[in-house]
Amino acid sequence: MLKRSQFVGILLIVLASILAAESQAQTNPRRVIYLEISADARARVGAQQQWLQMLQGVGADRVVSKTLKNGRVGIEETDMASATVVKVSGVIAGDKLKLPGGSFTIRDKSGIRELLKRLRDDGARVAMAEKKAFGLTSEQLVALHGRLSQNVDFETKGKKAGDVTAELVKKIGIPFVLDSTARAAVNGNELVLDELKGLSVGTALAAVVRPLGLVIEPKREQGKQMEIHLKDSRQGKENWPIGWPLERVPVAVAPTLFDKIPLEIRNFPLSAVLNAIEKKSGVNFLIDYNTLARKDVDLATTKVTLVEKKVALLVAVSNALKQSKPRLSCELRMDENAKPFLWITSK
């Protein structure tokens with residue numbers, strides 16, 4: 001599971017640059033690629049001319065060759081009135097051309113062309129940045145995390161999954177793409193069985209679509225805006241998780257789950273026990289209905305007995321889940337806003 005701190009830790013650092021990048025993309029959508037090469041002392045005689053001829057077909061708007069004592073490898077972007085000029089500087093060292101992003105032989109025309117295309121499509125900030133989860137940069141991940149951190153402000157339990165999905169998608173404000181499987185699933189009559197109000201949109205959406213056999217996968221193709229794909233879980237390579245691992249000890253995250261109460265429950269439906277403890281604790285319980293269905297576990301027909309003079313609510317939940325066949329388990333997780341919830345599943 002991905003770590004939420006990957007996004008939150010860099011939020012303040014990159015927020016300003018995200019806004020600047022978005023502003024630049026709106027005001028200067030066109031990029032002009034200016035490629036300048038120079039040779040160091042190790043370059044063979046005539047190398048500059050050979051490289052200059054080859055580079056005429058790599059997609060740059062202008063290619064120049066200069067003799068510089070201290071040539072350098074780098075990128076500079078300059079905003080002009082109608083375009084952004086991207087100056088790419090490279091150095092011929094031996095039989096290779098060193099450019100930002102790698103070294104290329106004179107036969108690697110396609111590699112240089114692809115590098116310049118990335119710079120033209122996305123600009124240096126995105127093209128040269130290290131890609132993290134989902135192939136996104138840190139800035140893109142933080143922006144996405146911010147969208148998915150909005151709170152669910154409406155009740156979800158008992159509503160059609162497709163209707164809830166539509167409301168959550170609307171709140172996120174990023175284009176969604178549905179494959180045929182996803183479209184059929186969200187148009188069905190399945191209901192949301194958990195109350196997700198108060199949780200973040202990202203965690204809620206991942207939880208809503210999981211029982212439909214779907215996952216959400218953020219994706220951004222080169223030169224295009226970010227999209228979120230709803231797709232068959234068997235086809236998803238990397239998907240947004242239902243919550244994140246805790247970053248603090250459980251008692252600090254969800255203290256009410258450690259409140260102790262007396263219990264005398266005999267032969268009572270597990271579903272009713274979980275509902276009562278959820279209400280008592282004020283912590284959302286999310287059920288892994290997919291896994292329970294595969295294990296043929298029915299919470300309503302599974303009967304449990306809990307007789308305790310004084311027991312913590314979380315321990316009571318755990319003891320109740322152990323009486324299911326096969327045994328169920330629970331895990332404290334948190335949403336994109338660090339709000340805790342209890343994930344109930346079977347290993």
# chains A, B, ... in the order shown; residues from 1 in each chain; ligands from 1
>>> select_by_dssp(residues="range 46-251 of chain A", states="strand (DSSP E or B)", output="PyMOL selection string")
chain A and resi 62-66+74-79+84-93+96-99+102-105+151+160+176-178+191+200+214-219+227-232+244
>>> residues_around(residues="Ser329 in chain A", least_positions_apart="3", cutoff="8 Å", atoms="only C-alpha atoms", output="MDAnalysis selection string")
chainID A and resid 318 321:322 344:347
>>> residues_around(residues="Val311 in chain A", least_positions_apart="6", cutoff="8 Å", atoms="only C-alpha atoms", output="mmCIF file with N, CA and C atoms, in the first residue's frame")
data_model
loop_
_atom_site.group_PDB
_atom_site.id
_atom_site.type_symbol
_atom_site.label_atom_id
_atom_site.label_comp_id
_atom_site.auth_asym_id
_atom_site.auth_seq_id
_atom_site.Cartn_x
_atom_site.Cartn_y
_atom_site.Cartn_z
ATOM 1 N N ASP A 259 -12.134 2.923 24.253
ATOM 2 C CA ASP A 259 -13.029 3.043 25.419
ATOM 3 C C ASP A 259 -13.497 1.652 25.832
ATOM 4 N N LYS A 260 -13.587 1.420 27.134
ATOM 5 C CA LYS A 260 -13.983 0.101 27.642
ATOM 6 C C LYS A 260 -15.425 0.127 28.130
ATOM 7 N N ILE A 261 -16.159 -0.910 27.758
ATOM 8 C CA ILE A 261 -17.558 -1.025 28.163
ATOM 9 C C ILE A 261 -17.844 -2.482 28.527
ATOM 10 N N PRO A 262 -18.868 -2.725 29.357
ATOM 11 C CA PRO A 262 -19.288 -4.111 29.619
ATOM 12 C C PRO A 262 -20.131 -4.618 28.452
ATOM 13 N N LEU A 263 -20.025 -5.909 28.171
ATOM 14 C CA LEU A 263 -20.790 -6.488 27.067
ATOM 15 C C LEU A 263 -21.409 -7.807 27.500
#
>>> closest_atom_pairs(of="range 215-311 of chain A", to="range 157-168 of chain A", cutoff="12 Å", atoms="only C-alpha atoms", output="CSV")
residue,atom,partner,partner_atom,distance
A:Val215,CA,A:Thr165,CA,11.9
A:Ile216,CA,A:Thr165,CA,11.1
A:Leu230,CA,A:Thr165,CA,10.3
A:Asn284,CA,A:Lys157,CA,11.6
A:Phe285,CA,A:Lys157,CA,11.8
A:Leu286,CA,A:Lys157,CA,11.1
>>> closest_residue(among="A:Pro340, A:Gln225, A:Thr302, A:Glu217", to="Val251 in chain A", atoms="only C-alpha atoms")
A:Pro340
>>> residues_around(residues="range 78-87 of chain A", least_positions_apart="4", cutoff="8 Å", atoms="only C-alpha atoms", output="PDB file with N, CA and C atoms, in the first residue's frame")
ATOM      1  N   ASN A  28       0.758  30.161 -21.786  1.00  0.00           N
ATOM      2  CA  ASN A  28       1.761  29.865 -22.803  1.00  0.00           C
ATOM      3  C   ASN A  28       1.675  28.395 -23.215  1.00  0.00           C
ATOM      4  N   PRO A  29       0.622  28.022 -23.917  1.00  0.00           N
ATOM      5  CA  PRO A  29       0.443  26.615 -24.244  1.00  0.00           C
ATOM      6  C   PRO A  29       1.428  26.097 -25.293  1.00  0.00           C
ATOM      7  N   ARG A  30       2.020  26.998 -26.089  1.00  0.00           N
ATOM      8  CA  ARG A  30       2.905  26.558 -27.160  1.00  0.00           C
ATOM      9  C   ARG A  30       4.350  26.640 -26.688  1.00  0.00           C
ATOM     10  N   ARG A  31       5.153  25.615 -27.034  1.00  0.00           N
ATOM     11  CA  ARG A  31       6.555  25.577 -26.652  1.00  0.00           C
ATOM     12  C   ARG A  31       7.431  25.493 -27.896  1.00  0.00           C
ATOM     13  N   VAL A  32       8.484  26.292 -27.898  1.00  0.00           N
ATOM     14  CA  VAL A  32       9.469  26.305 -28.984  1.00  0.00           C
ATOM     15  C   VAL A  32      10.742  25.664 -28.456  1.00  0.00           C
ATOM     16  N   ILE A  33      11.235  24.654 -29.155  1.00  0.00           N
ATOM     17  CA  ILE A  33      12.419  23.925 -28.709  1.00  0.00           C
ATOM     18  C   ILE A  33      13.654  24.451 -29.438  1.00  0.00           C
ATOM     19  N   TYR A  34      14.601  24.961 -28.661  1.00  0.00           N
ATOM     20  CA  TYR A  34      15.859  25.483 -29.175  1.00  0.00           C
ATOM     21  C   TYR A  34      16.966  24.564 -28.669  1.00  0.00           C
ATOM     22  N   LEU A  35      17.655  23.884 -29.569  1.00  0.00           N
ATOM     23  CA  LEU A  35      18.680  22.902 -29.194  1.00  0.00           C
ATOM     24  C   LEU A  35      20.053  23.454 -29.539  1.00  0.00           C
ATOM     25  N   GLU A  36      20.904  23.546 -28.537  1.00  0.00           N
ATOM     26  CA  GLU A  36      22.270  24.069 -28.711  1.00  0.00           C
ATOM     27  C   GLU A  36      23.266  23.015 -28.247  1.00  0.00           C
ATOM     28  N   LEU A 119       9.573  17.290 -23.870  1.00  0.00           N
ATOM     29  CA  LEU A 119       9.765  18.673 -23.459  1.00  0.00           C
ATOM     30  C   LEU A 119       8.746  19.594 -24.132  1.00  0.00           C
ATOM     31  N   ARG A 120       8.442  19.330 -25.405  1.00  0.00           N
ATOM     32  CA  ARG A 120       7.466  20.156 -26.101  1.00  0.00           C
ATOM     33  C   ARG A 120       6.056  19.931 -25.540  1.00  0.00           C
ATOM     34  N   GLY A 123       6.735  20.393 -21.094  1.00  0.00           N
ATOM     35  CA  GLY A 123       7.619  21.364 -20.470  1.00  0.00           C
ATOM     36  C   GLY A 123       8.643  20.679 -19.589  1.00  0.00           C
ATOM     37  N   ALA A 124       9.709  21.401 -19.268  1.00  0.00           N
ATOM     38  CA  ALA A 124      10.812  20.799 -18.518  1.00  0.00           C
ATOM     39  C   ALA A 124      10.399  20.372 -17.116  1.00  0.00           C
TER      40      ALA A 124
END
>>> residues_around(residues="range 65-72 of chain A", least_positions_apart="4", cutoff="7 Å", atoms="only C-alpha atoms", output="ChimeraX atom specification")
/A:36-39,48,52,89-91
>>> select_by_dssp(residues="range 167-196 of chain A", states="helix (DSSP H, G or I)", output="list in words")
Glu167, Leu168, Val169, Lys170, Lys171, Ile172, Ser180, Thr181, Ala182, Arg183, Ala184, Ala185 and Val186 of chain A
>>> closest_residue(among="A:Thr105, A:Ser180, A:Asn151, A:Ser110", to="Val58 in chain A", atoms="only C-alpha atoms")
A:Ser110
>>> residues_around(residues="Ile287 in chain A", least_positions_apart="4", cutoff="12 Å", atoms="only C-alpha atoms", output="compact mmCIF listing (two decimals) with N, CA and C atoms, in the first residue's frame")
# COMPACT_ATOMS: atom_id res chain seq x y z
N VAL A 192 -24.89 0.95 -1.96
CA VAL A 192 -23.77 1.18 -1.05
C VAL A 192 -24.21 0.73 0.34
N LEU A 193 -23.47 -0.17 0.94
CA LEU A 193 -23.88 -0.76 2.21
C LEU A 193 -23.22 -0.11 3.42
N ASP A 194 -22.26 0.78 3.20
CA ASP A 194 -21.57 1.45 4.29
C ASP A 194 -21.88 2.94 4.27
N GLU A 195 -21.83 3.55 5.44
CA GLU A 195 -21.99 5.00 5.52
C GLU A 195 -20.60 5.65 5.40
N LEU A 196 -20.45 6.44 4.35
CA LEU A 196 -19.15 7.04 4.04
C LEU A 196 -19.12 8.54 4.28
N ALA A 204 -13.61 7.13 -0.08
CA ALA A 204 -15.01 6.75 -0.29
C ALA A 204 -15.23 6.18 -1.68
N ALA A 207 -13.86 2.73 -2.02
CA ALA A 207 -14.69 1.77 -1.29
C ALA A 207 -16.00 1.50 -2.02
N VAL A 208 -16.58 2.51 -2.66
CA VAL A 208 -17.86 2.33 -3.35
C VAL A 208 -17.71 1.41 -4.57
N ARG A 210 -15.29 -0.82 -5.22
CA ARG A 210 -14.69 -2.14 -5.02
C ARG A 210 -15.71 -3.27 -5.07
N PRO A 211 -16.87 -3.15 -4.40
CA PRO A 211 -17.86 -4.23 -4.51
C PRO A 211 -18.40 -4.41 -5.92
N ILE A 242 -7.98 2.00 -0.70
CA ILE A 242 -9.05 2.31 0.26
C ILE A 242 -8.37 2.63 1.58
N SER A 271 -23.54 -8.63 12.01
CA SER A 271 -23.81 -7.34 11.39
C SER A 271 -24.37 -6.34 12.39
N LEU A 274 -21.59 -5.18 14.84
CA LEU A 274 -20.70 -4.19 14.22
C LEU A 274 -21.38 -2.84 14.10
N ASN A 275 -22.63 -2.84 13.73
CA ASN A 275 -23.36 -1.57 13.62
C ASN A 275 -23.44 -0.85 14.95
N GLU A 278 -19.95 0.47 15.88
CA GLU A 278 -19.62 1.61 15.00
C GLU A 278 -20.30 2.87 15.50
N THR A 291 -14.22 -9.61 -0.63
CA THR A 291 -13.55 -10.75 0.00
C THR A 291 -14.52 -11.60 0.78
N LEU A 292 -15.45 -10.97 1.49
CA LEU A 292 -16.43 -11.74 2.25
C LEU A 292 -17.30 -12.59 1.34
N ALA A 293 -17.64 -12.07 0.17
CA ALA A 293 -18.44 -12.85 -0.78
C ALA A 293 -17.65 -14.05 -1.28
N VAL A 297 -19.05 -15.48 3.44
CA VAL A 297 -19.34 -15.00 4.78
C VAL A 297 -20.53 -14.04 4.71
N ASP A 298 -21.56 -14.31 5.50
CA ASP A 298 -22.74 -13.46 5.57
C ASP A 298 -22.80 -12.88 6.99
N LEU A 299 -22.58 -11.58 7.11
CA LEU A 299 -22.54 -10.96 8.43
C LEU A 299 -23.89 -11.04 9.14
N LEU A 321 -15.20 -10.75 15.29
CA LEU A 321 -14.81 -11.18 13.94
C LEU A 321 -14.16 -12.56 13.94
N LEU A 328 -12.65 -13.42 10.36
CA LEU A 328 -12.44 -12.10 9.79
C LEU A 328 -11.46 -11.32 10.66
N SER A 329 -10.95 -10.24 10.12
CA SER A 329 -10.01 -9.41 10.87
C SER A 329 -10.30 -7.94 10.58
N CYS A 330 -9.72 -7.06 11.36
CA CYS A 330 -9.93 -5.63 11.16
C CYS A 330 -8.60 -4.89 11.21
N GLU A 331 -8.57 -3.77 10.55
CA GLU A 331 -7.35 -2.96 10.49
C GLU A 331 -7.73 -1.49 10.52
N PHE A 341 -10.67 5.08 10.07
CA PHE A 341 -11.81 4.20 9.86
C PHE A 341 -11.33 2.77 10.04
N LEU A 342 -12.27 1.86 10.27
CA LEU A 342 -11.92 0.46 10.50
C LEU A 342 -12.26 -0.35 9.26
N TRP A 343 -11.24 -1.00 8.72
CA TRP A 343 -11.40 -1.84 7.52
C TRP A 343 -11.57 -3.28 7.96
N ILE A 344 -12.69 -3.90 7.60
CA ILE A 344 -13.00 -5.26 8.02
C ILE A 344 -12.94 -6.19 6.82
N THR A 345 -12.10 -7.21 6.93
CA THR A 345 -11.87 -8.09 5.78
C THR A 345 -11.53 -9.50 6.28
N SER A 346 -11.11 -10.33 5.35
CA SER A 346 -10.65 -11.68 5.68
C SER A 346 -9.37 -11.92 4.92
>>> atom_distance(atom1="CA of Arg248 in chain A", atom2="CA of Leu314 in chain A")
16.4 Å
>>> residues_around(residues="Leu246 in chain A", least_positions_apart="6", cutoff="9 Å", atoms="only C-alpha atoms", output="list in words")
Arg4, Val253, Leu332, Arg333, Met334, Ala338 and Pro340 of chain A
>>> closest_residue(among="A:Ala320, A:Gln235, A:Trp240, A:Glu247", to="Ile277 in chain A", atoms="only C-alpha atoms")
A:Ala320
>>> closest_residue(among="A:Val249, A:Val283, A:Ile265, A:Ala185", to="Asp232 in chain A", atoms="only C-alpha atoms")
A:Ala185
>>> closest_residue(among="A:Lys98, A:His145, A:Lys339, A:Arg113", to="Gly59 in chain A", atoms="only C-alpha atoms")
A:Arg113
